[in-house]
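Undergrad: First the structure, then my questions, so here it is.
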Amino acid sequence: MGVISEAIKEMEGYKLHVVTTEKFKTNTIVWKMKAPLTKEDVTQRALLPHVLQSSTASYPTTAKLRSYLDELYGANMFVDVSKKGEYQIISMSIEIANEKFLSDATPLLSKGLELLAEMVRNPLAENGTFNHETVEKEKRTLKQRIQSVFDDKMRYANFRLVEEMCAGEPYALPVNGELEAVDQIDAKSLYDYYQKAFAEDELDLYVIGDVSSQEVESIASGLFRFAQRTPKETNTLNRVSGEAKTIKEKQDIKQGKLNIGYRTNIKYGDQDYNALQVFNGIFGGFSHSKLFLNVREKNSLAYYVASRLESHKGLMMVMSGIEFENFDLAVKIIKEQMEAMTNGDFTDEEIEQTKAVIENQLLETVDTARGMVELLYHNVVSKVTVPLDDWLNGMKNTTKDEIIAVANKINLDTVYFLTGMEAAE
Amino acid sequence: MEKIAFEQLNEELFYEKLENGLDVYILPKKGFNKTYATFTTKYGSIDNHFKPLGKNEYVKVPDGIAHFLEHKLFEKEDGDVFQQFSRQGASANAFTSFTRTAYLFSSTSNVEKNLETLMDFVQEPYFTEKTVEKEKGIIGQEITMYDDNPDWRLYYGVIENMFKNHPVKIDIAGTRESISHITKDMLYECYHTFYHPSNMLLFVVGAIEPKEIMTQIKANQAKKEFSAQSEIERQFESEIEEVAEKKQVLKMNVQTPKCILGIKAAPANLKGQEMLKHELSTNIMLDILFGKSSEGYTELYGEGLIDDTFSYDFSQEQGFGFAMVGGDTPDPEKLVEKVTAILLKAKEGSIFNEEQLGRARKKKIGAFLRAINSPEYIANQFTRYAFNEMDLFEVVPVLESITIGDIQAAAADLIDEKRFTVCQVVPK
């Protein structure tokens, strides 16, 4: 089908990925930095991109930097920190108008790349230290970001499940870092970390849009040059699940949040990953899935109930919002659906339906530039390059027996329930 | 079929009004895998007081019924429409807003079948007492989910403060109590009143051939009978100009306080180009005051009063409108004081200059280009604009026509302390 054609080029210290497509009115530039998730670095990594995007040497205040972005037809710049398996990924993105659609012919792509280079290579710093005020302001915001997970109960329940389930594993570390660690960071120590990260991280630059790969390469080679490196790897050690545990926590809330974690023991790039994806679709990924039909439509217990995969860590999470007193019933129904899966109690029609929807989902993902980058970046994280066509074909060729085999590899690990103060024990 | 070309944007839009009154728009998107379609009725949570089709008396219906109807339309005698869409490789959904209910699917294959399913399931209601009862549990959980969400409570808290009589102050999903009164007959009554093709708009965007799609839609509609419908009569009680409540503090299980300053728009009944210009001017004005490159933002962020969650927005529909400014803050009182000061100073008008306007305009033009990468944005926004007699593709020309005078007028029009209100969520 050839749905994406990605040109990859080894550059000085990083890889350049260019996807040429005419479907967008904008060009998207994404800078990715990958390093193992560690307690030592997690908070500094969460802070770093926010400091880099708040000012640079040439645009020494946020107002000046943002004014310049406005001038570039509202170039959209944002940073993000995420977990992919046991790696912590920093992303810095700029989405900028393609001047072809404007009455003004300023070459915006090169301006966008120049600005990104300015942010990563020329931060507001002196004598080996970042600007003190900038770092302090961003530390304050980081603390608020860390605390905000408590206020969104759906996010909180998921965060707590991971914390309990993966206790002792790097994956339990919160993506935005740890509150206690924020105050130990200062403008000097963060600058040291910045240098370390740019010397050691695995670096990737993605450019998506109506661009020529030669042109992008020639601009990028002049702007981005780093020392060669051998990126650090992690060995995701999956704790063998023993007895499944149940954890209940009480808070002053109105709806119980039920989050259940399973170990799938299968990761992206593994042979049976395709079957796992189909499994998840039949079990809980969609509105035709067993969880939706049985928990919501048949028993009216919930408005939302779904399962999703953490592909690089080998986890599957189920989440639902229910009445406090329906905990036992909901858990029982969810377990029954899992049992049905392991017993092969699902039809060919369910399989076909699920495959059709997954194919649709993958094809839709590449209709957005960010979706395309995320899809392609799986290959970097897993070190296994799976072209989208192969992924689609592999998924479509999955058999019922393979799905049953996958179901039998999945272990229940932790049931977490955030319940109300007045709920019975 | 009429063709409208937008040369600068390299897009073409196809339009036809069908005999039964349905407005159909088709926009082919080159290079995309997916097709996205929305089938929308101009019927939302505010339409709770009206003359049912063929009757002479006004009725009032329970809060949350438009949203309830949206849920129930997916259920048919032979099962759930979600199942059918997924067999056809599509993902389907729906949403209800203050003024609209939209049904949609997106798919990268079987577009024709999916489009047929969309038109048929929306135009063939099937409600029974039993399925209506079953839905009360599900929607009850949806309502409780939002009860625990502080941002949602804050947002609706501000709207509730603003309006004394207008039904926009009612939660779209209603309450567990209000939905308990809903019956299948009420659903049919609302359905027949508001789901007539002449009150609806179908938008299809994506990997499609416009002619074929139009032919299919016409054939589908020609098979169905609709009695002619006169103008729908809705009633809205008169609304006061000032806000109903100046302040509301909600105590919730949160660690960080949240605060929004809301401004109720001055009474106006704008539509079309005038409404578009007013909406864009007001948004540019707020951008100049509170955007990341503004003095106001720099000050608020520098003092630690705001963080990433800070936002501002102005939205309007026929009969109501409001602006909101705020987010998470350690000190809600101080944030309100500062934001109020920035607004009142802006009302004088002398603070705006050409440089700021030029920058804000460029930013909005870029944002528009970014937005029209998205089939979802095009279909949903086009529909909202069309229901207000505005044209989405006029955004750039109108942005280019806005002057400092328009920005000053927008500030003078919006900013008035008697229409300010505050809602806070604070830790228990």
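Residues are referred to by chain and number: the chain letter is A, B, ... according to the order shown in the structure tokens, the number counts from 1 in that chain, and ligands are numbered separately from 1 in the order shown.
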Using only C-alpha atoms, which protein or nucleic acid residues come within 6 Å of B:Ala37? Drop anything in the same chain fewer than 3 positions from it, and give the result as a list in words.
TA: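 The filter keeps Leu104, Phe105, Phe203 and Val204 of chain B.
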Undergrad: Determine, counting only C-alpha atoms, which protein, DNA and RNA residues have an atom within 10 Å of an atom of stretch 372-377 of chain B; residues of the same chain fewer than 6 positions away are not included. Present the result as a PyMOL selection string.
TA: (chain A and resi 23-26+367-369) or (chain B and resi 9+11+27-29+32+34-38+104-106+204-206+383+393)
Undergrad: Quick one: write out the picked residues with N, CA and C atoms as a PDB file, in the first residue's frame?
TA:
ATOM      1  N   LYS A  23      -0.450  16.412   1.798  1.00  0.00           N
ATOM      2  CA  LYS A  23      -1.795  16.539   2.352  1.00  0.00           C
ATOM      3  C   LYS A  23      -1.977  17.619   3.397  1.00  0.00           C
ATOM      4  N   PHE A  24      -0.887  18.178   3.895  1.00  0.00           N
ATOM      5  CA  PHE A  24      -1.041  19.175   4.959  1.00  0.00           C
ATOM      6  C   PHE A  24      -0.759  20.606   4.483  1.00  0.00           C
ATOM      7  N   LYS A  25      -1.364  21.568   5.169  1.00  0.00           N
ATOM      8  CA  LYS A  25      -1.126  22.986   4.855  1.00  0.00           C
ATOM      9  C   LYS A  25       0.029  23.528   5.686  1.00  0.00           C
ATOM     10  N   THR A  26       0.573  22.681   6.535  1.00  0.00           N
ATOM     11  CA  THR A  26       1.637  23.097   7.440  1.00  0.00           C
ATOM     12  C   THR A  26       2.773  22.086   7.346  1.00  0.00           C
ATOM     13  N   ASP A 367      -3.039  10.192   9.002  1.00  0.00           N
ATOM     14  CA  ASP A 367      -3.647  11.395   8.416  1.00  0.00           C
ATOM     15  C   ASP A 367      -3.338  12.642   9.234  1.00  0.00           C
ATOM     16  N   THR A 368      -2.621  12.491  10.329  1.00  0.00           N
ATOM     17  CA  THR A 368      -2.130  13.666  11.041  1.00  0.00           C
ATOM     18  C   THR A 368      -0.614  13.541  11.132  1.00  0.00           C
ATOM     19  N   ALA A 369       0.061  14.676  11.072  1.00  0.00           N
ATOM     20  CA  ALA A 369       1.526  14.647  11.084  1.00  0.00           C
ATOM     21  C   ALA A 369       2.043  14.105  12.415  1.00  0.00           C
TER      22      ALA A 369
ATOM     23  N   LEU B   9      -6.176  28.518  -0.707  1.00  0.00           N
ATOM     24  CA  LEU B   9      -6.103  27.352   0.179  1.00  0.00           C
ATOM     25  C   LEU B   9      -6.014  26.038  -0.583  1.00  0.00           C
ATOM     26  N   GLU B  11      -8.488  24.381  -1.995  1.00  0.00           N
ATOM     27  CA  GLU B  11      -9.586  23.508  -1.580  1.00  0.00           C
ATOM     28  C   GLU B  11     -10.811  23.820  -2.425  1.00  0.00           C
ATOM     29  N   LEU B  27     -16.393  18.064   0.761  1.00  0.00           N
ATOM     30  CA  LEU B  27     -15.078  18.652   0.543  1.00  0.00           C
ATOM     31  C   LEU B  27     -14.047  17.525   0.368  1.00  0.00           C
ATOM     32  N   PRO B  28     -13.570  17.321  -0.867  1.00  0.00           N
ATOM     33  CA  PRO B  28     -12.565  16.275  -1.079  1.00  0.00           C
ATOM     34  C   PRO B  28     -11.209  16.724  -0.532  1.00  0.00           C
ATOM     35  N   LYS B  29     -10.506  15.813   0.135  1.00  0.00           N
ATOM     36  CA  LYS B  29      -9.182  16.119   0.689  1.00  0.00           C
ATOM     37  C   LYS B  29      -8.172  15.179   0.045  1.00  0.00           C
ATOM     38  N   PHE B  32      -5.478  12.128   1.748  1.00  0.00           N
ATOM     39  CA  PHE B  32      -5.942  11.562   3.010  1.00  0.00           C
ATOM     40  C   PHE B  32      -6.434  10.131   2.824  1.00  0.00           C
ATOM     41  N   LYS B  34      -8.578   8.875   5.138  1.00  0.00           N
ATOM     42  CA  LYS B  34      -9.887   8.778   5.768  1.00  0.00           C
ATOM     43  C   LYS B  34     -10.941   9.694   5.174  1.00  0.00           C
ATOM     44  N   THR B  35     -12.179   9.302   5.418  1.00  0.00           N
ATOM     45  CA  THR B  35     -13.320  10.151   5.146  1.00  0.00           C
ATOM     46  C   THR B  35     -14.042  10.344   6.468  1.00  0.00           C
ATOM     47  N   TYR B  36     -14.467  11.556   6.682  1.00  0.00           N
ATOM     48  CA  TYR B  36     -15.125  11.900   7.936  1.00  0.00           C
ATOM     49  C   TYR B  36     -16.449  12.545   7.570  1.00  0.00           C
ATOM     50  N   ALA B  37     -17.532  12.098   8.200  1.00  0.00           N
ATOM     51  CA  ALA B  37     -18.835  12.679   7.885  1.00  0.00           C
ATOM     52  C   ALA B  37     -19.584  13.017   9.157  1.00  0.00           C
ATOM     53  N   THR B  38     -20.243  14.162   9.142  1.00  0.00           N
ATOM     54  CA  THR B  38     -21.092  14.529  10.280  1.00  0.00           C
ATOM     55  C   THR B  38     -22.502  14.807   9.775  1.00  0.00           C
ATOM     56  N   LEU B 104     -21.516  11.098  13.773  1.00  0.00           N
ATOM     57  CA  LEU B 104     -20.386  11.106  12.862  1.00  0.00           C
ATOM     58  C   LEU B 104     -19.738   9.736  12.743  1.00  0.00           C
ATOM     59  N   PHE B 105     -19.035   9.560  11.647  1.00  0.00           N
ATOM     60  CA  PHE B 105     -18.161   8.395  11.537  1.00  0.00           C
ATOM     61  C   PHE B 105     -16.903   8.824  10.810  1.00  0.00           C
ATOM     62  N   SER B 106     -15.832   8.030  10.994  1.00  0.00           N
ATOM     63  CA  SER B 106     -14.682   8.196  10.125  1.00  0.00           C
ATOM     64  C   SER B 106     -14.261   6.806   9.701  1.00  0.00           C
ATOM     65  N   VAL B 204     -19.495  15.916   4.377  1.00  0.00           N
ATOM     66  CA  VAL B 204     -18.612  14.778   4.125  1.00  0.00           C
ATOM     67  C   VAL B 204     -17.275  15.333   3.640  1.00  0.00           C
ATOM     68  N   VAL B 205     -16.196  14.932   4.304  1.00  0.00           N
ATOM     69  CA  VAL B 205     -14.874  15.455   3.933  1.00  0.00           C
ATOM     70  C   VAL B 205     -13.871  14.313   3.939  1.00  0.00           C
ATOM     71  N   GLY B 206     -12.977  14.306   2.934  1.00  0.00           N
ATOM     72  CA  GLY B 206     -11.942  13.272   2.932  1.00  0.00           C
ATOM     73  C   GLY B 206     -11.679  12.698   1.564  1.00  0.00           C
ATOM     74  N   THR B 383     -20.139  23.373  10.150  1.00  0.00           N
ATOM     75  CA  THR B 383     -21.539  23.211  10.546  1.00  0.00           C
ATOM     76  C   THR B 383     -21.950  24.268  11.572  1.00  0.00           C
ATOM     77  N   PHE B 393     -14.956  29.530   5.513  1.00  0.00           N
ATOM     78  CA  PHE B 393     -13.892  29.898   4.575  1.00  0.00           C
ATOM     79  C   PHE B 393     -13.753  31.405   4.394  1.00  0.00           C
TER      80      PHE B 393
END
Undergrad: Residues of chain B near chain A: apply a cut-off of 8 Å, count only C-alpha atoms, and supply the list as number ranges by chain.
TA: B: 8-10, 29-34, 82-83, 86-91, 107-109, 134-135, 137-139, 141-142, 144-145, 147-150, 253-256, 292-295, 298, 301-302, 304, 307-308, 359-360, 362-367, 369-370, 372-374
Undergrad: Report as a PyMOL selection string all protein, DNA and RNA residues lying within 7 Å of stretch 263-272 of chain A, evaluated on only C-alpha atoms, omitting residues in the same chain fewer than 2 positions from it.
TA: chain A and resi 261+274-276+311-316+382+384+409-413
Undergrad: Next, the residues of the selection above should be written as a compact mmCIF listing (two decimals), in the first residue's frame with N, CA and C atoms.
TA:
# COMPACT_ATOMS: atom_id res chain seq x y z
N GLY A 261 -4.69 -3.72 36.02
CA GLY A 261 -3.47 -3.90 35.23
C GLY A 261 -3.15 -5.36 34.98
N ASN A 274 1.05 -8.54 16.91
CA ASN A 274 -0.16 -8.34 16.09
C ASN A 274 -1.37 -9.03 16.70
N ALA A 275 -1.14 -10.26 17.17
CA ALA A 275 -2.25 -11.00 17.78
C ALA A 275 -2.70 -10.32 19.07
N LEU A 276 -1.74 -9.75 19.79
CA LEU A 276 -2.09 -9.03 21.02
C LEU A 276 -2.98 -7.83 20.70
N SER A 311 2.53 -0.67 24.78
CA SER A 311 3.18 -1.61 23.86
C SER A 311 4.65 -1.87 24.15
N HIS A 312 5.34 -0.90 24.75
CA HIS A 312 6.78 -1.08 24.95
C HIS A 312 7.12 -1.65 26.31
N LYS A 313 6.13 -1.79 27.16
CA LYS A 313 6.39 -2.34 28.49
C LYS A 313 5.70 -3.69 28.64
N GLY A 314 4.74 -3.95 27.77
CA GLY A 314 4.04 -5.23 27.88
C GLY A 314 2.96 -5.23 28.95
N LEU A 315 2.17 -4.15 28.97
CA LEU A 315 1.09 -4.07 29.93
C LEU A 315 -0.23 -3.85 29.21
N MET A 316 -1.32 -4.23 29.88
CA MET A 316 -2.64 -3.86 29.38
C MET A 316 -3.42 -3.30 30.57
N SER A 382 11.68 0.51 19.74
CA SER A 382 11.74 -0.96 19.79
C SER A 382 12.97 -1.51 19.07
N VAL A 384 13.07 -2.25 16.17
CA VAL A 384 12.58 -3.16 15.14
C VAL A 384 11.81 -2.30 14.15
N LYS A 409 -1.24 -15.98 27.61
CA LYS A 409 0.02 -15.43 28.13
C LYS A 409 -0.22 -14.26 29.09
N ILE A 410 -1.45 -13.75 29.08
CA ILE A 410 -1.72 -12.52 29.84
C ILE A 410 -2.07 -12.85 31.29
N ASN A 411 -1.39 -12.16 32.23
CA ASN A 411 -1.66 -12.39 33.64
C ASN A 411 -2.23 -11.15 34.30
N LEU A 412 -3.24 -11.39 35.12
CA LEU A 412 -3.77 -10.32 35.94
C LEU A 412 -2.71 -9.97 36.98
N ASP A 413 -2.42 -8.68 37.14
CA ASP A 413 -1.42 -8.28 38.13
C ASP A 413 -2.04 -7.54 39.31
Undergrad: Counting only C-alpha atoms, what is within 8 Å of B:Glu16, bar same-chain residues fewer than 5 positions away, as a PDB file with N, CA and C atoms, in the first residue's frame?
TA:
ATOM      1  N   MET B   1     -25.505  20.765  -8.288  1.00  0.00           N
ATOM      2  CA  MET B   1     -24.447  20.856  -7.278  1.00  0.00           C
ATOM      3  C   MET B   1     -23.568  22.067  -7.586  1.00  0.00           C
ATOM      4  N   GLU B   2     -23.382  22.864  -6.579  1.00  0.00           N
ATOM      5  CA  GLU B   2     -22.625  24.099  -6.745  1.00  0.00           C
ATOM      6  C   GLU B   2     -21.172  23.859  -6.292  1.00  0.00           C
ATOM      7  N   ASP B  23     -29.259  20.387   3.850  1.00  0.00           N
ATOM      8  CA  ASP B  23     -28.064  21.019   3.285  1.00  0.00           C
ATOM      9  C   ASP B  23     -26.935  19.990   3.245  1.00  0.00           C
ATOM     10  N   VAL B  24     -26.368  19.794   2.050  1.00  0.00           N
ATOM     11  CA  VAL B  24     -25.279  18.821   1.921  1.00  0.00           C
ATOM     12  C   VAL B  24     -24.013  19.529   1.438  1.00  0.00           C
ATOM     13  N   TYR B  25     -22.912  19.319   2.150  1.00  0.00           N
ATOM     14  CA  TYR B  25     -21.623  19.884   1.758  1.00  0.00           C
ATOM     15  C   TYR B  25     -20.605  18.755   1.617  1.00  0.00           C
TER      16      TYR B  25
END
Undergrad: So that I can check the secondary structure, give me every residue of stretch 9-170 of chain B assigned helix (DSSP H, G or I) by backbone DSSP, as a PDB file with C-alpha atoms, in the first residue's frame.
TA:
ATOM      1  CA  ILE B  65     -33.214  15.150  26.809  1.00  0.00           C
ATOM      2  CA  ALA B  66     -31.326  16.194  23.641  1.00  0.00           C
ATOM      3  CA  HIS B  67     -28.255  14.358  24.914  1.00  0.00           C
ATOM      4  CA  PHE B  68     -30.363  11.357  25.993  1.00  0.00           C
ATOM      5  CA  LEU B  69     -31.868  11.191  22.509  1.00  0.00           C
ATOM      6  CA  GLU B  70     -28.384  11.216  21.021  1.00  0.00           C
ATOM      7  CA  HIS B  71     -27.492   8.116  23.050  1.00  0.00           C
ATOM      8  CA  LYS B  72     -30.706   6.289  22.195  1.00  0.00           C
ATOM      9  CA  VAL B  81     -25.318   0.704  15.366  1.00  0.00           C
ATOM     10  CA  PHE B  82     -21.752   0.785  16.746  1.00  0.00           C
ATOM     11  CA  GLN B  83     -21.540  -2.902  15.833  1.00  0.00           C
ATOM     12  CA  GLN B  84     -22.535  -2.241  12.270  1.00  0.00           C
ATOM     13  CA  PHE B  85     -20.053   0.604  11.863  1.00  0.00           C
ATOM     14  CA  SER B  86     -17.208  -1.487  13.229  1.00  0.00           C
ATOM     15  CA  ARG B  87     -18.064  -4.387  10.920  1.00  0.00           C
ATOM     16  CA  VAL B 111     -17.206   4.848   2.826  1.00  0.00           C
ATOM     17  CA  GLU B 112     -20.378   4.364   0.826  1.00  0.00           C
ATOM     18  CA  LYS B 113     -21.788   1.773   3.212  1.00  0.00           C
ATOM     19  CA  ASN B 114     -20.853   3.822   6.230  1.00  0.00           C
ATOM     20  CA  LEU B 115     -22.473   6.920   4.828  1.00  0.00           C
ATOM     21  CA  GLU B 116     -25.637   4.915   4.183  1.00  0.00           C
ATOM     22  CA  THR B 117     -25.557   3.604   7.754  1.00  0.00           C
ATOM     23  CA  LEU B 118     -25.099   7.135   9.105  1.00  0.00           C
ATOM     24  CA  MET B 119     -28.048   8.572   7.196  1.00  0.00           C
ATOM     25  CA  ASP B 120     -30.284   5.606   7.971  1.00  0.00           C
ATOM     26  CA  PHE B 121     -29.650   5.251  11.659  1.00  0.00           C
ATOM     27  CA  VAL B 122     -30.166   8.956  12.292  1.00  0.00           C
ATOM     28  CA  GLN B 123     -33.361   8.980  10.247  1.00  0.00           C
ATOM     29  CA  GLU B 129     -39.537   1.949  27.356  1.00  0.00           C
ATOM     30  CA  LYS B 130     -37.115  -0.831  28.179  1.00  0.00           C
ATOM     31  CA  THR B 131     -34.107   0.580  26.346  1.00  0.00           C
ATOM     32  CA  VAL B 132     -34.889   4.061  27.660  1.00  0.00           C
ATOM     33  CA  GLU B 133     -34.782   2.722  31.235  1.00  0.00           C
ATOM     34  CA  LYS B 134     -31.503   0.899  30.610  1.00  0.00           C
ATOM     35  CA  GLU B 135     -29.856   4.081  29.335  1.00  0.00           C
ATOM     36  CA  LYS B 136     -30.635   5.945  32.565  1.00  0.00           C
ATOM     37  CA  GLY B 137     -27.987   3.902  34.389  1.00  0.00           C
ATOM     38  CA  ILE B 138     -25.342   4.571  31.728  1.00  0.00           C
ATOM     39  CA  ILE B 139     -26.003   8.302  31.462  1.00  0.00           C
ATOM     40  CA  GLY B 140     -26.217   8.446  35.260  1.00  0.00           C
ATOM     41  CA  GLN B 141     -22.597   7.249  35.318  1.00  0.00           C
ATOM     42  CA  GLU B 142     -21.654   9.798  32.667  1.00  0.00           C
ATOM     43  CA  ILE B 143     -23.098  12.562  34.854  1.00  0.00           C
ATOM     44  CA  THR B 144     -21.301  11.261  37.961  1.00  0.00           C
ATOM     45  CA  MET B 145     -18.035  11.080  36.034  1.00  0.00           C
ATOM     46  CA  TYR B 146     -18.298  14.795  35.261  1.00  0.00           C
ATOM     47  CA  ASP B 147     -19.281  15.517  38.876  1.00  0.00           C
ATOM     48  CA  PRO B 150     -13.118  19.881  38.679  1.00  0.00           C
ATOM     49  CA  ASP B 151     -12.468  21.554  35.313  1.00  0.00           C
ATOM     50  CA  TRP B 152     -15.909  20.578  34.093  1.00  0.00           C
ATOM     51  CA  ARG B 153     -17.565  21.785  37.300  1.00  0.00           C
ATOM     52  CA  LEU B 154     -15.644  25.066  37.052  1.00  0.00           C
ATOM     53  CA  TYR B 155     -16.642  25.651  33.436  1.00  0.00           C
ATOM     54  CA  TYR B 156     -20.327  24.971  34.047  1.00  0.00           C
ATOM     55  CA  GLY B 157     -20.157  26.878  37.319  1.00  0.00           C
ATOM     56  CA  VAL B 158     -19.172  30.024  35.420  1.00  0.00           C
ATOM     57  CA  ILE B 159     -21.993  29.614  32.903  1.00  0.00           C
ATOM     58  CA  GLU B 160     -24.487  28.975  35.694  1.00  0.00           C
ATOM     59  CA  ASN B 161     -23.371  32.211  37.356  1.00  0.00           C
ATOM     60  CA  MET B 162     -23.877  34.222  34.203  1.00  0.00           C
ATOM     61  CA  PRO B 167     -31.284  27.371  29.320  1.00  0.00           C
ATOM     62  CA  VAL B 168     -27.569  27.492  28.426  1.00  0.00           C
ATOM     63  CA  LYS B 169     -27.082  27.388  32.197  1.00  0.00           C
TER      64      LYS B 169
END
Undergrad: Report, in Å with one decimal, the straight-line distance from atom CA of B:Ile288 to atom CA of A:Arg121.
TA: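 Interatomic distance here is 29.9 Å.
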